[in-house]
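Trainee: The structure file my_file_7.pdb (PDB, C-alpha atoms) is provided below.
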```pdb
ATOM      1  CA  MET A 137      61.199  -2.259 -10.449  1.00  0.00           C
ATOM      2  CA  THR A 138      59.471  -5.362  -9.123  1.00  0.00           C
ATOM      3  CA  TRP A 139      57.594  -3.345  -6.465  1.00  0.00           C
ATOM      4  CA  ALA A 140      56.385  -0.763  -9.018  1.00  0.00           C
ATOM      5  CA  PHE A 141      55.145  -3.502 -11.319  1.00  0.00           C
ATOM      6  CA  THR A 142      53.269  -5.249  -8.473  1.00  0.00           C
ATOM      7  CA  GLU A 143      51.745  -1.953  -7.336  1.00  0.00           C
ATOM      8  CA  GLU A 144      50.522  -1.209 -10.873  1.00  0.00           C
ATOM      9  CA  ILE A 145      48.833  -4.630 -11.067  1.00  0.00           C
ATOM     10  CA  GLY A 146      47.094  -3.968  -7.731  1.00  0.00           C
ATOM     11  CA  ILE A 147      45.820  -0.588  -8.948  1.00  0.00           C
ATOM     12  CA  ASN A 148      44.479  -2.107 -12.168  1.00  0.00           C
ATOM     13  CA  ILE A 149      42.679  -4.876 -10.229  1.00  0.00           C
ATOM     14  CA  ALA A 150      41.130  -2.303  -7.883  1.00  0.00           C
ATOM     15  CA  LYS A 151      39.904  -0.244 -10.854  1.00  0.00           C
ATOM     16  CA  LYS A 152      38.399  -3.339 -12.474  1.00  0.00           C
ATOM     17  CA  GLU A 153      36.567  -4.298  -9.261  1.00  0.00           C
ATOM     18  CA  ALA A 154      35.206  -0.751  -8.904  1.00  0.00           C
ATOM     19  CA  VAL A 155      33.822  -0.830 -12.452  1.00  0.00           C
ATOM     20  CA  GLU A 156      32.218  -4.238 -11.838  1.00  0.00           C
ATOM     21  CA  LEU A 157      30.566  -3.066  -8.611  1.00  0.00           C
ATOM     22  CA  GLY A 158      29.287   0.041 -10.412  1.00  0.00           C
ATOM     23  CA  ALA A 159      27.743  -2.151 -13.098  1.00  0.00           C
ATOM     24  CA  LEU A 160      26.170  -4.305 -10.405  1.00  0.00           C
ATOM     25  CA  ALA A 161      24.614  -1.282  -8.672  1.00  0.00           C
ATOM     26  CA  ALA A 162      23.149  -0.007 -11.961  1.00  0.00           C
ATOM     27  CA  ALA A 163      21.863  -3.470 -12.848  1.00  0.00           C
ATOM     28  CA  TRP A 164      20.262  -3.778  -9.434  1.00  0.00           C
ATOM     29  CA  LYS A 165      18.019  -0.738  -9.947  1.00  0.00           C
ATOM     30  CA  LEU A 166      16.886  -1.932 -13.379  1.00  0.00           C
ATOM     31  CA  ALA A 167      16.210  -5.460 -12.149  1.00  0.00           C
ATOM     32  CA  VAL A 168      14.102  -4.285  -9.216  1.00  0.00           C
ATOM     33  CA  LEU A 169      11.995  -2.108 -11.528  1.00  0.00           C
ATOM     34  CA  GLU A 170      11.419  -4.951 -13.991  1.00  0.00           C
ATOM     35  CA  LEU A 171      10.596  -7.509 -11.302  1.00  0.00           C
ATOM     36  CA  THR A 172       8.139  -5.146  -9.598  1.00  0.00           C
ATOM     37  CA  ALA A 173       6.189  -4.931 -12.853  1.00  0.00           C
ATOM     38  CA  SER A 174       5.331  -8.664 -12.755  1.00  0.00           C
ATOM     39  CA  GLU A 175       4.559 -10.050  -9.302  1.00  0.00           C
ATOM     40  CA  ARG A 176       4.788 -13.747  -8.480  1.00  0.00           C
ATOM     41  CA  PRO A 177       3.431 -13.845  -4.924  1.00  0.00           C
ATOM     42  CA  ASP A 178       2.993 -17.609  -4.546  1.00  0.00           C
ATOM     43  CA  PRO A 179       5.855 -20.141  -4.404  1.00  0.00           C
ATOM     44  CA  ALA A 180       6.604 -22.031  -7.598  1.00  0.00           C
ATOM     45  CA  PRO A 181       5.700 -25.738  -7.669  1.00  0.00           C
ATOM     46  CA  GLU A 182       8.387 -28.066  -6.367  1.00  0.00           C
ATOM     47  CA  GLU A 183       9.146 -29.380  -9.840  1.00  0.00           C
ATOM     48  CA  GLU A 184       9.905 -25.876 -11.153  1.00  0.00           C
ATOM     49  CA  ARG A 185      12.638 -25.199  -8.607  1.00  0.00           C
ATOM     50  CA  SER A 186      16.280 -25.228  -9.639  1.00  0.00           C
ATOM     51  CA  PRO A 187      18.928 -25.936  -6.997  1.00  0.00           C
ATOM     52  CA  GLN A 188      21.467 -23.769  -8.823  1.00  0.00           C
ATOM     53  CA  LEU A 189      22.088 -20.268  -7.464  1.00  0.00           C
ATOM     54  CA  LEU A 190      22.230 -17.566 -10.128  1.00  0.00           C
ATOM     55  CA  LEU A 191      24.830 -15.132  -8.851  1.00  0.00           C
ATOM     56  CA  HIS A 192      26.651 -12.131 -10.216  1.00  0.00           C
ATOM     57  CA  PRO A 193      30.358 -12.750 -10.957  1.00  0.00           C
ATOM     58  CA  ALA A 194      31.232  -9.206  -9.822  1.00  0.00           C
ATOM     59  CA  ALA A 195      30.426 -10.249  -6.264  1.00  0.00           C
ATOM     60  CA  GLY A 196      33.009 -13.031  -6.431  1.00  0.00           C
ATOM     61  CA  ARG A 197      30.533 -15.878  -7.014  1.00  0.00           C
ATOM     62  CA  GLU A 198      29.751 -18.158  -9.917  1.00  0.00           C
ATOM     63  CA  GLY A 199      27.146 -16.999 -12.416  1.00  0.00           C
ATOM     64  CA  THR A 200      25.362 -18.374 -15.445  1.00  0.00           C
ATOM     65  CA  GLY A 201      26.590 -15.863 -17.996  1.00  0.00           C
ATOM     66  CA  GLY A 202      24.484 -13.122 -19.540  1.00  0.00           C
ATOM     67  CA  SER A 203      24.238  -9.448 -18.625  1.00  0.00           C
ATOM     68  CA  PRO A 204      24.421  -8.286 -14.994  1.00  0.00           C
ATOM     69  CA  TRP A 205      20.787  -7.131 -14.921  1.00  0.00           C
ATOM     70  CA  GLN A 206      19.580 -10.537 -16.139  1.00  0.00           C
ATOM     71  CA  LEU A 207      21.491 -12.294 -13.381  1.00  0.00           C
ATOM     72  CA  VAL A 208      20.188  -9.945 -10.684  1.00  0.00           C
ATOM     73  CA  LEU A 209      16.661 -10.325 -12.051  1.00  0.00           C
ATOM     74  CA  GLU A 210      16.903 -14.121 -11.861  1.00  0.00           C
ATOM     75  CA  ARG A 211      18.161 -13.966  -8.289  1.00  0.00           C
ATOM     76  CA  LEU A 212      15.365 -11.612  -7.239  1.00  0.00           C
ATOM     77  CA  GLY A 213      12.880 -13.963  -8.900  1.00  0.00           C
ATOM     78  CA  ARG A 214      14.175 -16.866  -6.824  1.00  0.00           C
ATOM     79  CA  VAL A 215      13.507 -14.875  -3.649  1.00  0.00           C
ATOM     80  CA  ARG A 216      10.069 -13.682  -4.779  1.00  0.00           C
ATOM     81  CA  ASP A 217       9.054 -17.250  -5.613  1.00  0.00           C
ATOM     82  CA  ARG A 218       9.508 -18.128  -1.945  1.00  0.00           C
ATOM     83  CA  VAL A 219       7.148 -15.393  -0.665  1.00  0.00           C
ATOM     84  CA  ARG A 220       3.487 -16.408  -0.385  1.00  0.00           C
ATOM     85  CA  SER A 221       0.299 -14.464   0.327  1.00  0.00           C
ATOM     86  CA  PHE A 222      -2.483 -14.992   2.872  1.00  0.00           C
ATOM     87  CA  PRO A 223      -5.600 -12.798   2.490  1.00  0.00           C
ATOM     88  CA  ASP A 224      -7.427 -11.448   5.540  1.00  0.00           C
ATOM     89  CA  PHE A 225      -4.571 -12.106   7.973  1.00  0.00           C
ATOM     90  CA  PRO A 226      -4.104 -11.037  10.732  1.00  0.00           C
ATOM     91  CA  VAL A 227      -7.335  -9.044  10.256  1.00  0.00           C
ATOM     92  CA  PRO A 228      -9.885  -8.821   7.412  1.00  0.00           C
ATOM     93  CA  GLY A 229      -8.713  -6.725   4.487  1.00  0.00           C
ATOM     94  CA  VAL A 230      -4.993  -7.357   5.020  1.00  0.00           C
ATOM     95  CA  LEU A 231      -2.943  -9.402   2.526  1.00  0.00           C
ATOM     96  CA  PHE A 232      -0.124 -10.954   4.563  1.00  0.00           C
ATOM     97  CA  ARG A 233       3.232 -11.585   2.848  1.00  0.00           C
ATOM     98  CA  ASP A 234       4.757 -14.690   4.409  1.00  0.00           C
ATOM     99  CA  ILE A 235       8.510 -15.388   4.199  1.00  0.00           C
ATOM    100  CA  SER A 236       8.305 -18.827   5.847  1.00  0.00           C
ATOM    101  CA  PRO A 237       8.940 -20.681   2.526  1.00  0.00           C
ATOM    102  CA  LEU A 238      12.004 -18.463   1.998  1.00  0.00           C
ATOM    103  CA  LEU A 239      13.411 -19.444   5.382  1.00  0.00           C
ATOM    104  CA  LYS A 240      12.713 -23.152   4.712  1.00  0.00           C
ATOM    105  CA  ASP A 241      14.571 -23.174   1.383  1.00  0.00           C
ATOM    106  CA  PRO A 242      18.342 -22.972   2.012  1.00  0.00           C
ATOM    107  CA  ALA A 243      19.157 -22.159  -1.614  1.00  0.00           C
ATOM    108  CA  ALA A 244      16.636 -19.316  -1.766  1.00  0.00           C
ATOM    109  CA  PHE A 245      17.665 -17.970   1.635  1.00  0.00           C
ATOM    110  CA  GLY A 246      21.297 -18.062   0.541  1.00  0.00           C
ATOM    111  CA  THR A 247      20.363 -16.069  -2.552  1.00  0.00           C
ATOM    112  CA  LEU A 248      18.570 -13.534  -0.346  1.00  0.00           C
ATOM    113  CA  ILE A 249      21.682 -12.974   1.764  1.00  0.00           C
ATOM    114  CA  ASP A 250      23.795 -12.784  -1.418  1.00  0.00           C
ATOM    115  CA  LEU A 251      21.550 -10.018  -2.772  1.00  0.00           C
ATOM    116  CA  LEU A 252      21.609  -8.027   0.453  1.00  0.00           C
ATOM    117  CA  GLU A 253      25.371  -8.438   0.781  1.00  0.00           C
ATOM    118  CA  ASP A 254      26.038  -7.395  -2.805  1.00  0.00           C
ATOM    119  CA  HIS A 255      23.820  -4.332  -2.441  1.00  0.00           C
ATOM    120  CA  LEU A 256      25.594  -3.158   0.709  1.00  0.00           C
ATOM    121  CA  ARG A 257      29.093  -3.822  -0.616  1.00  0.00           C
ATOM    122  CA  ALA A 258      28.283  -1.833  -3.767  1.00  0.00           C
ATOM    123  CA  SER A 259      26.694   1.025  -1.800  1.00  0.00           C
ATOM    124  CA  PHE A 260      28.860   1.629   1.285  1.00  0.00           C
ATOM    125  CA  PRO A 261      32.646   1.405   1.682  1.00  0.00           C
ATOM    126  CA  LYS A 262      32.401   1.008   5.465  1.00  0.00           C
ATOM    127  CA  ILE A 263      29.677  -0.406   7.749  1.00  0.00           C
ATOM    128  CA  ASP A 264      30.284  -0.975  11.447  1.00  0.00           C
ATOM    129  CA  PHE A 265      27.112  -2.850  12.444  1.00  0.00           C
ATOM    130  CA  ILE A 266      23.928  -4.418  11.149  1.00  0.00           C
ATOM    131  CA  ALA A 267      20.998  -3.671  13.487  1.00  0.00           C
ATOM    132  CA  GLY A 268      17.968  -5.973  13.350  1.00  0.00           C
ATOM    133  CA  LEU A 269      14.390  -5.202  14.346  1.00  0.00           C
ATOM    134  CA  ASP A 270      12.437  -7.457  16.687  1.00  0.00           C
ATOM    135  CA  SER A 271      11.698 -10.052  15.589  1.00  0.00           C
ATOM    136  CA  ARG A 272      12.078 -11.034  11.930  1.00  0.00           C
ATOM    137  CA  GLY A 273      15.029  -8.711  11.493  1.00  0.00           C
ATOM    138  CA  PHE A 274      16.828 -11.201  13.747  1.00  0.00           C
ATOM    139  CA  LEU A 275      16.356 -13.894  11.080  1.00  0.00           C
ATOM    140  CA  ILE A 276      18.185 -11.872   8.425  1.00  0.00           C
ATOM    141  CA  GLY A 277      20.608  -9.610  10.242  1.00  0.00           C
ATOM    142  CA  PRO A 278      23.065 -12.082  11.832  1.00  0.00           C
ATOM    143  CA  SER A 279      23.634 -13.973   8.563  1.00  0.00           C
ATOM    144  CA  LEU A 280      24.160 -10.704   6.685  1.00  0.00           C
ATOM    145  CA  ALA A 281      26.511  -9.327   9.341  1.00  0.00           C
ATOM    146  CA  GLN A 282      28.550 -12.539   9.299  1.00  0.00           C
ATOM    147  CA  ARG A 283      28.942 -12.293   5.515  1.00  0.00           C
ATOM    148  CA  LEU A 284      30.196  -8.720   5.864  1.00  0.00           C
ATOM    149  CA  GLY A 285      32.523  -9.586   8.736  1.00  0.00           C
ATOM    150  CA  ILE A 286      30.871  -7.136  11.148  1.00  0.00           C
ATOM    151  CA  GLY A 287      28.773  -7.294  14.319  1.00  0.00           C
ATOM    152  CA  PHE A 288      25.016  -7.488  14.832  1.00  0.00           C
ATOM    153  CA  VAL A 289      22.970  -5.295  17.199  1.00  0.00           C
ATOM    154  CA  LEU A 290      19.536  -6.061  18.682  1.00  0.00           C
ATOM    155  CA  ILE A 291      16.648  -3.577  18.633  1.00  0.00           C
ATOM    156  CA  ARG A 292      13.927  -5.099  20.800  1.00  0.00           C
ATOM    157  CA  LYS A 293      10.457  -4.502  22.139  1.00  0.00           C
ATOM    158  CA  LYS A 294      10.303  -2.824  25.543  1.00  0.00           C
ATOM    159  CA  GLY A 295      11.349  -4.915  28.525  1.00  0.00           C
ATOM    160  CA  LYS A 296      13.370  -7.541  26.623  1.00  0.00           C
ATOM    161  CA  LEU A 297      16.919  -6.196  27.087  1.00  0.00           C
ATOM    162  CA  PRO A 298      18.998  -6.194  30.313  1.00  0.00           C
ATOM    163  CA  GLY A 299      21.068  -3.290  31.586  1.00  0.00           C
ATOM    164  CA  PRO A 300      20.803   0.412  30.728  1.00  0.00           C
ATOM    165  CA  THR A 301      18.718   1.056  27.607  1.00  0.00           C
ATOM    166  CA  GLU A 302      17.388   3.844  25.399  1.00  0.00           C
ATOM    167  CA  SER A 303      13.730   3.673  24.359  1.00  0.00           C
ATOM    168  CA  VAL A 304      11.489   5.356  21.790  1.00  0.00           C
ATOM    169  CA  SER A 305       7.678   5.272  21.601  1.00  0.00           C
ATOM    170  CA  TYR A 306       5.862   5.153  18.279  1.00  0.00           C
ATOM    171  CA  ALA A 307       2.236   5.141  17.199  1.00  0.00           C
ATOM    172  CA  LEU A 308       0.288   2.071  16.145  1.00  0.00           C
ATOM    173  CA  GLU A 309      -3.146   2.011  14.554  1.00  0.00           C
ATOM    174  CA  TYR A 310      -4.592   1.564  18.051  1.00  0.00           C
ATOM    175  CA  GLY A 311      -2.380   2.804  20.878  1.00  0.00           C
ATOM    176  CA  LYS A 312       1.397   2.901  20.909  1.00  0.00           C
ATOM    177  CA  ALA A 313       4.472   0.688  21.315  1.00  0.00           C
ATOM    178  CA  GLU A 314       8.100   1.099  22.371  1.00  0.00           C
ATOM    179  CA  LEU A 315      11.441  -0.103  21.048  1.00  0.00           C
ATOM    180  CA  GLU A 316      14.650  -0.347  23.058  1.00  0.00           C
ATOM    181  CA  ILE A 317      18.357  -0.689  22.460  1.00  0.00           C
ATOM    182  CA  GLN A 318      21.151  -1.194  24.983  1.00  0.00           C
ATOM    183  CA  SER A 319      22.919   2.070  25.723  1.00  0.00           C
ATOM    184  CA  ASP A 320      26.349   0.642  24.856  1.00  0.00           C
ATOM    185  CA  ALA A 321      25.230  -1.136  21.649  1.00  0.00           C
ATOM    186  CA  VAL A 322      27.037   1.313  19.357  1.00  0.00           C
ATOM    187  CA  GLU A 323      29.480   4.173  19.770  1.00  0.00           C
ATOM    188  CA  PRO A 324      28.924   7.766  18.578  1.00  0.00           C
ATOM    189  CA  GLY A 325      29.769   8.114  14.898  1.00  0.00           C
ATOM    190  CA  GLN A 326      29.606   4.416  14.070  1.00  0.00           C
ATOM    191  CA  LYS A 327      27.870   3.521  10.803  1.00  0.00           C
ATOM    192  CA  VAL A 328      24.818   1.265  10.987  1.00  0.00           C
ATOM    193  CA  VAL A 329      22.409  -0.401   8.543  1.00  0.00           C
ATOM    194  CA  ILE A 330      18.996  -1.306  10.010  1.00  0.00           C
ATOM    195  CA  VAL A 331      17.319  -4.436   8.581  1.00  0.00           C
ATOM    196  CA  ASP A 332      13.848  -5.974   8.803  1.00  0.00           C
ATOM    197  CA  ASP A 333      11.742  -8.325   6.713  1.00  0.00           C
ATOM    198  CA  LEU A 334       9.042  -5.822   5.715  1.00  0.00           C
ATOM    199  CA  LEU A 335       8.195  -2.115   5.647  1.00  0.00           C
ATOM    200  CA  ALA A 336       4.498  -1.259   5.987  1.00  0.00           C
ATOM    201  CA  THR A 337       3.530   2.063   7.601  1.00  0.00           C
ATOM    202  CA  GLY A 338       7.133   2.709   8.657  1.00  0.00           C
ATOM    203  CA  GLY A 339       6.507   3.412  12.362  1.00  0.00           C
ATOM    204  CA  THR A 340       8.787   0.676  13.695  1.00  0.00           C
ATOM    205  CA  MET A 341      11.623   1.529  11.326  1.00  0.00           C
ATOM    206  CA  TRP A 342      11.297   5.227  12.197  1.00  0.00           C
ATOM    207  CA  ALA A 343      11.570   4.385  15.904  1.00  0.00           C
ATOM    208  CA  ALA A 344      14.699   2.308  15.231  1.00  0.00           C
ATOM    209  CA  CYS A 345      16.292   5.267  13.452  1.00  0.00           C
ATOM    210  CA  GLU A 346      15.415   7.516  16.397  1.00  0.00           C
ATOM    211  CA  LEU A 347      17.163   5.086  18.745  1.00  0.00           C
ATOM    212  CA  MET A 348      20.320   5.305  16.644  1.00  0.00           C
ATOM    213  CA  LYS A 349      20.118   9.097  16.766  1.00  0.00           C
ATOM    214  CA  ARG A 350      19.910   8.907  20.569  1.00  0.00           C
ATOM    215  CA  LEU A 351      23.195   6.979  20.533  1.00  0.00           C
ATOM    216  CA  ARG A 352      24.633   9.424  17.971  1.00  0.00           C
ATOM    217  CA  ALA A 353      25.255   6.670  15.433  1.00  0.00           C
ATOM    218  CA  GLU A 354      24.957   7.249  11.689  1.00  0.00           C
ATOM    219  CA  VAL A 355      22.172   5.319   9.919  1.00  0.00           C
ATOM    220  CA  LEU A 356      23.515   4.562   6.452  1.00  0.00           C
ATOM    221  CA  GLU A 357      20.330   2.877   5.247  1.00  0.00           C
ATOM    222  CA  CYS A 358      17.141   1.065   6.221  1.00  0.00           C
ATOM    223  CA  LEU A 359      17.044  -2.245   4.335  1.00  0.00           C
ATOM    224  CA  VAL A 360      14.100  -4.664   3.984  1.00  0.00           C
ATOM    225  CA  ILE A 361      13.096  -7.654   1.886  1.00  0.00           C
ATOM    226  CA  ILE A 362       9.522  -6.481   1.181  1.00  0.00           C
ATOM    227  CA  GLU A 363       7.989  -3.014   0.855  1.00  0.00           C
ATOM    228  CA  LEU A 364       4.219  -2.408   0.778  1.00  0.00           C
ATOM    229  CA  LYS A 365       4.202   0.638  -1.499  1.00  0.00           C
ATOM    230  CA  LEU A 366       0.591   1.751  -0.941  1.00  0.00           C
ATOM    231  CA  LEU A 367       1.245   2.345   2.758  1.00  0.00           C
ATOM    232  CA  LYS A 368       4.050   4.841   1.935  1.00  0.00           C
ATOM    233  CA  GLY A 369       6.142   3.832   4.918  1.00  0.00           C
ATOM    234  CA  SER A 370       9.366   5.061   3.328  1.00  0.00           C
ATOM    235  CA  GLU A 371       8.026   8.626   3.443  1.00  0.00           C
ATOM    236  CA  LYS A 372       8.099   8.487   7.240  1.00  0.00           C
ATOM    237  CA  LEU A 373      11.844   7.926   7.105  1.00  0.00           C
ATOM    238  CA  LYS A 374      12.275  11.282   5.331  1.00  0.00           C
ATOM    239  CA  SER A 375      15.958  11.865   4.510  1.00  0.00           C
ATOM    240  CA  ILE A 376      17.194   8.448   5.693  1.00  0.00           C
ATOM    241  CA  PRO A 377      18.188   6.236   2.719  1.00  0.00           C
ATOM    242  CA  PHE A 378      15.906   3.249   2.185  1.00  0.00           C
ATOM    243  CA  HIS A 379      16.128   0.139   0.008  1.00  0.00           C
ATOM    244  CA  SER A 380      13.788  -2.817  -0.552  1.00  0.00           C
ATOM    245  CA  LEU A 381      14.337  -5.953  -2.635  1.00  0.00           C
ATOM    246  CA  LEU A 382      10.672  -6.621  -3.487  1.00  0.00           C
ATOM    247  CA  GLN A 383       7.814  -4.150  -3.791  1.00  0.00           C
ATOM    248  CA  TYR A 384       4.084  -4.898  -3.639  1.00  0.00           C
ATOM    249  CA  ASP A 385       1.156  -2.517  -4.166  1.00  0.00           C
TER     250      ASP A 385
END
```
Give the structure from this file in structure tokens form.

Mentor:
Amino acid sequence: MTWAFTEEIGINIAKKEAVELGALAAAWKLAVLELTASERPDPAPEEERSPQLLLHPAAGREGTGGSPWQLVLERLGRVRDRVRSFPDFPVPGVLFRDISPLLKDPAAFGTLIDLLEDHLRASFPKIDFIAGLDSRGFLIGPSLAQRLGIGFVLIRKKGKLPGPTESVSYALEYGKAELEIQSDAVEPGQKVVIVDDLLATGGTMWAACELMKRLRAEVLECLVIIELKLLKGSEKLKSIPFHSLLQYD
């Protein structure tokens, strides 16, 4: 009798958590759409910052009350406020999105990892590894992997990894480049999420996916902080799932 009662409580708790994660996933999509409609590319003045993190209770963190989409929207806004823009860098005509202020602000960076973690937990029941792209994917991936309790895998530019490797070439605007991964980085059938800071034309992310195919791993998703929509990089990924926190035209 005691065991049956305890089991019933566990089932009810599991159902409640599933409903909360479903609400979080739905709120996420709405919040991203609303935030995309009003860009804030430059960091807010120092006096406008709030040290409090606005987090969704469904993810097991403290929140400020209000609906799930409002909380997600506030958290996304905190991250966007720490992204700044530099015109004509690295070449004329390019508007560079700089995440340096995001990395300098521990509260904002913590919110970034919270958002990525919550998205992955709500989307995938099992992930074996986070794979990060050289080089800014290395700034995000280890912290995210640690939160999820899984390992981190390096995808590097050619000539940077020791031992046997697999490599894939991809086209740049002028010439080509190569990415490499160690041959024993993942096992066949293991589930991987590939992360980077930004998706532009999509060539580097495509090459990373090809490397995972060479190792017969399953790419669950390509995940970035920033997507430059006009460059249509996500189209190069074709059937591979893709998600970005912030979108810019």

Trainee: Using all atoms listed in the file - which residues lie no farther than 6 Å from the point (9.0, -10.2, 9.6) in the file's frame? Write them as a VMD selection string.

Mentor: chain A and resid 272 333 to 334

Trainee: Could you tell me how far CA of Val331 (chain A) sits from CA of Ala243 (chain A), in Å to one decimal place?

Mentor: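 For CA of Ala243 (chain A) relative to CA of Val331 (chain A), the distance reads 20.5 Å.
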
Trainee: Do you know which residues are at most 12 Å from Leu308 (chain A) counting all atoms listed in the file, after dropping those on the same chain fewer than 5 positions away, and could you put them as a PDB file with C-alpha atoms, keeping the file's coordinate frame?

Mentor:
```
ATOM      1  CA  ALA A 313       4.472   0.688  21.315  1.00  0.00           C
ATOM      2  CA  GLU A 314       8.100   1.099  22.371  1.00  0.00           C
ATOM      3  CA  ALA A 336       4.498  -1.259   5.987  1.00  0.00           C
ATOM      4  CA  THR A 337       3.530   2.063   7.601  1.00  0.00           C
ATOM      5  CA  GLY A 338       7.133   2.709   8.657  1.00  0.00           C
ATOM      6  CA  GLY A 339       6.507   3.412  12.362  1.00  0.00           C
ATOM      7  CA  THR A 340       8.787   0.676  13.695  1.00  0.00           C
ATOM      8  CA  ALA A 343      11.570   4.385  15.904  1.00  0.00           C
TER       9      ALA A 343
END
```

Trainee: Find the residues around Arg350 (chain A) up to 12 Å (all atoms listed in the file counted), leave out those fewer than 2 positions away in its own chain, and share them as an mmCIF file with C-alpha atoms, keeping the file's coordinate frame.

Mentor:
```cif
data_model
loop_
_atom_site.group_PDB
_atom_site.id
_atom_site.type_symbol
_atom_site.label_atom_id
_atom_site.label_comp_id
_atom_site.auth_asym_id
_atom_site.auth_seq_id
_atom_site.Cartn_x
_atom_site.Cartn_y
_atom_site.Cartn_z
ATOM 1 C CA THR A 301 18.718 1.056 27.607
ATOM 2 C CA GLU A 302 17.388 3.844 25.399
ATOM 3 C CA SER A 303 13.730 3.673 24.359
ATOM 4 C CA VAL A 304 11.489 5.356 21.790
ATOM 5 C CA GLU A 316 14.650 -0.347 23.058
ATOM 6 C CA ILE A 317 18.357 -0.689 22.460
ATOM 7 C CA GLN A 318 21.151 -1.194 24.983
ATOM 8 C CA SER A 319 22.919 2.070 25.723
ATOM 9 C CA ASP A 320 26.349 0.642 24.856
ATOM 10 C CA ALA A 321 25.230 -1.136 21.649
ATOM 11 C CA VAL A 322 27.037 1.313 19.357
ATOM 12 C CA GLU A 323 29.480 4.173 19.770
ATOM 13 C CA PRO A 324 28.924 7.766 18.578
ATOM 14 C CA GLY A 325 29.769 8.114 14.898
ATOM 15 C CA ALA A 343 11.570 4.385 15.904
ATOM 16 C CA ALA A 344 14.699 2.308 15.231
ATOM 17 C CA CYS A 345 16.292 5.267 13.452
ATOM 18 C CA GLU A 346 15.415 7.516 16.397
ATOM 19 C CA LEU A 347 17.163 5.086 18.745
ATOM 20 C CA MET A 348 20.320 5.305 16.644
ATOM 21 C CA ARG A 352 24.633 9.424 17.971
ATOM 22 C CA ALA A 353 25.255 6.670 15.433
ATOM 23 C CA GLU A 354 24.957 7.249 11.689
ATOM 24 C CA VAL A 355 22.172 5.319 9.919
#
```

Trainee: For CA of Tyr384 (chain A) and CA of Ser236 (chain A), determine how far apart the two atoms are, in Å to one decimal place.

Mentor: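 Answer for the CA of Tyr384 (chain A) to CA of Ser236 (chain A) separation: 17.4 Å.
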
Trainee: Just how far from CA of Ile361 (chain A) is CA of Val219 (chain A), in Å to one decimal?

Mentor: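 Atom-to-atom, CA of Val219 (chain A) and CA of Ile361 (chain A) are spaced 10.1 Å apart.
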
Trainee: Might you spell out which residues the PyMOL selection byres ((chain A and resi 373) around 10) would select in the displayed file, as a PyMOL selection string?

Mentor: chain A and resi 338-339+341-343+345-346+358+368-372+374-378

Trainee: Let me have the centre and edge lengths of the axis-aligned box enclosing all listed atoms of region 254-266 of chain A with 8 Å padding on every side, in Å to one decimal, as lines of an AutoDock Vina configuration file.

Mentor:
```
center_x = 28.2
center_y = -2.9
center_z = 4.3
size_x = 24.8
size_y = 25.0
size_z = 32.2
```

Trainee: For a cutoff of 8 Å around the file-coordinate point (2.1, 0.4, -6.8), which residues qualify once you count all atoms listed in the file? I'd like the result as a PyMOL selection string.

Mentor: chain A and resi 365-366+383-385

Trainee: Output the residue selection produced by the PyMOL selection byres ((chain A and resi 250) around 9) on the file above, formatted as a list in words.

Mentor: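 Going through the file, the PyMOL selection byres ((chain A and resi 250) around 9) ends up selecting Leu191, Ala195, Arg211, Phe245, Gly246, Thr247, Leu248, Ile249, Leu251, Leu252, Glu253, Asp254, His255, Leu280 and Arg283 of chain A.
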
Trainee: Those selected residues, please, written with C-alpha atoms and delivered as a JSON list (two decimals), in the frame of the given file.

Mentor:
```json
[["chain", "number", "residue", "atom", "x", "y", "z"],
["A", 191, "LEU", "CA", 24.83, -15.13, -8.85],
["A", 195, "ALA", "CA", 30.43, -10.25, -6.26],
["A", 211, "ARG", "CA", 18.16, -13.97, -8.29],
["A", 245, "PHE", "CA", 17.66, -17.97, 1.64],
["A", 246, "GLY", "CA", 21.30, -18.06, 0.54],
["A", 247, "THR", "CA", 20.36, -16.07, -2.55],
["A", 248, "LEU", "CA", 18.57, -13.53, -0.35],
["A", 249, "ILE", "CA", 21.68, -12.97, 1.76],
["A", 251, "LEU", "CA", 21.55, -10.02, -2.77],
["A", 252, "LEU", "CA", 21.61, -8.03, 0.45],
["A", 253, "GLU", "CA", 25.37, -8.44, 0.78],
["A", 254, "ASP", "CA", 26.04, -7.40, -2.80],
["A", 255, "HIS", "CA", 23.82, -4.33, -2.44],
["A", 280, "LEU", "CA", 24.16, -10.70, 6.68],
["A", 283, "ARG", "CA", 28.94, -12.29, 5.52]]
```

Trainee: Between A:Ile235, A:Ile263, A:Pro223, A:Trp205, which has the minimum distance to Leu382 (chain A) (counting only C-alpha atoms)?

Mentor: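 Distance minimum relative to Leu382 (chain A) lands on A:Ile235.
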
Trainee: N, CA and C atoms are what I want for region 237-242 of chain A; can you complete it accordingly and write them as a PDB file, keeping the file's coordinate frame?

Mentor:
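Output file part.pdb follows:
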```
ATOM      1  N   PRO A 237       8.324 -19.819   3.550  1.00  0.00           N
ATOM      2  CA  PRO A 237       8.940 -20.681   2.526  1.00  0.00           C
ATOM      3  C   PRO A 237      10.362 -20.252   2.180  1.00  0.00           C
ATOM      4  N   LEU A 238      10.652 -18.963   2.265  1.00  0.00           N
ATOM      5  CA  LEU A 238      12.004 -18.463   1.998  1.00  0.00           C
ATOM      6  C   LEU A 238      12.980 -18.956   3.051  1.00  0.00           C
ATOM      7  N   LEU A 239      12.554 -18.971   4.295  1.00  0.00           N
ATOM      8  CA  LEU A 239      13.411 -19.444   5.382  1.00  0.00           C
ATOM      9  C   LEU A 239      13.613 -20.960   5.321  1.00  0.00           C
ATOM     10  N   LYS A 240      12.627 -21.693   4.796  1.00  0.00           N
ATOM     11  CA  LYS A 240      12.713 -23.152   4.712  1.00  0.00           C
ATOM     12  C   LYS A 240      13.607 -23.632   3.582  1.00  0.00           C
ATOM     13  N   ASP A 241      13.817 -22.796   2.578  1.00  0.00           N
ATOM     14  CA  ASP A 241      14.571 -23.174   1.383  1.00  0.00           C
ATOM     15  C   ASP A 241      15.997 -22.635   1.503  1.00  0.00           C
ATOM     16  N   PRO A 242      16.980 -23.484   1.792  1.00  0.00           N
ATOM     17  CA  PRO A 242      18.342 -22.972   2.012  1.00  0.00           C
ATOM     18  C   PRO A 242      18.944 -22.303   0.793  1.00  0.00           C
TER      19      PRO A 242
END
```
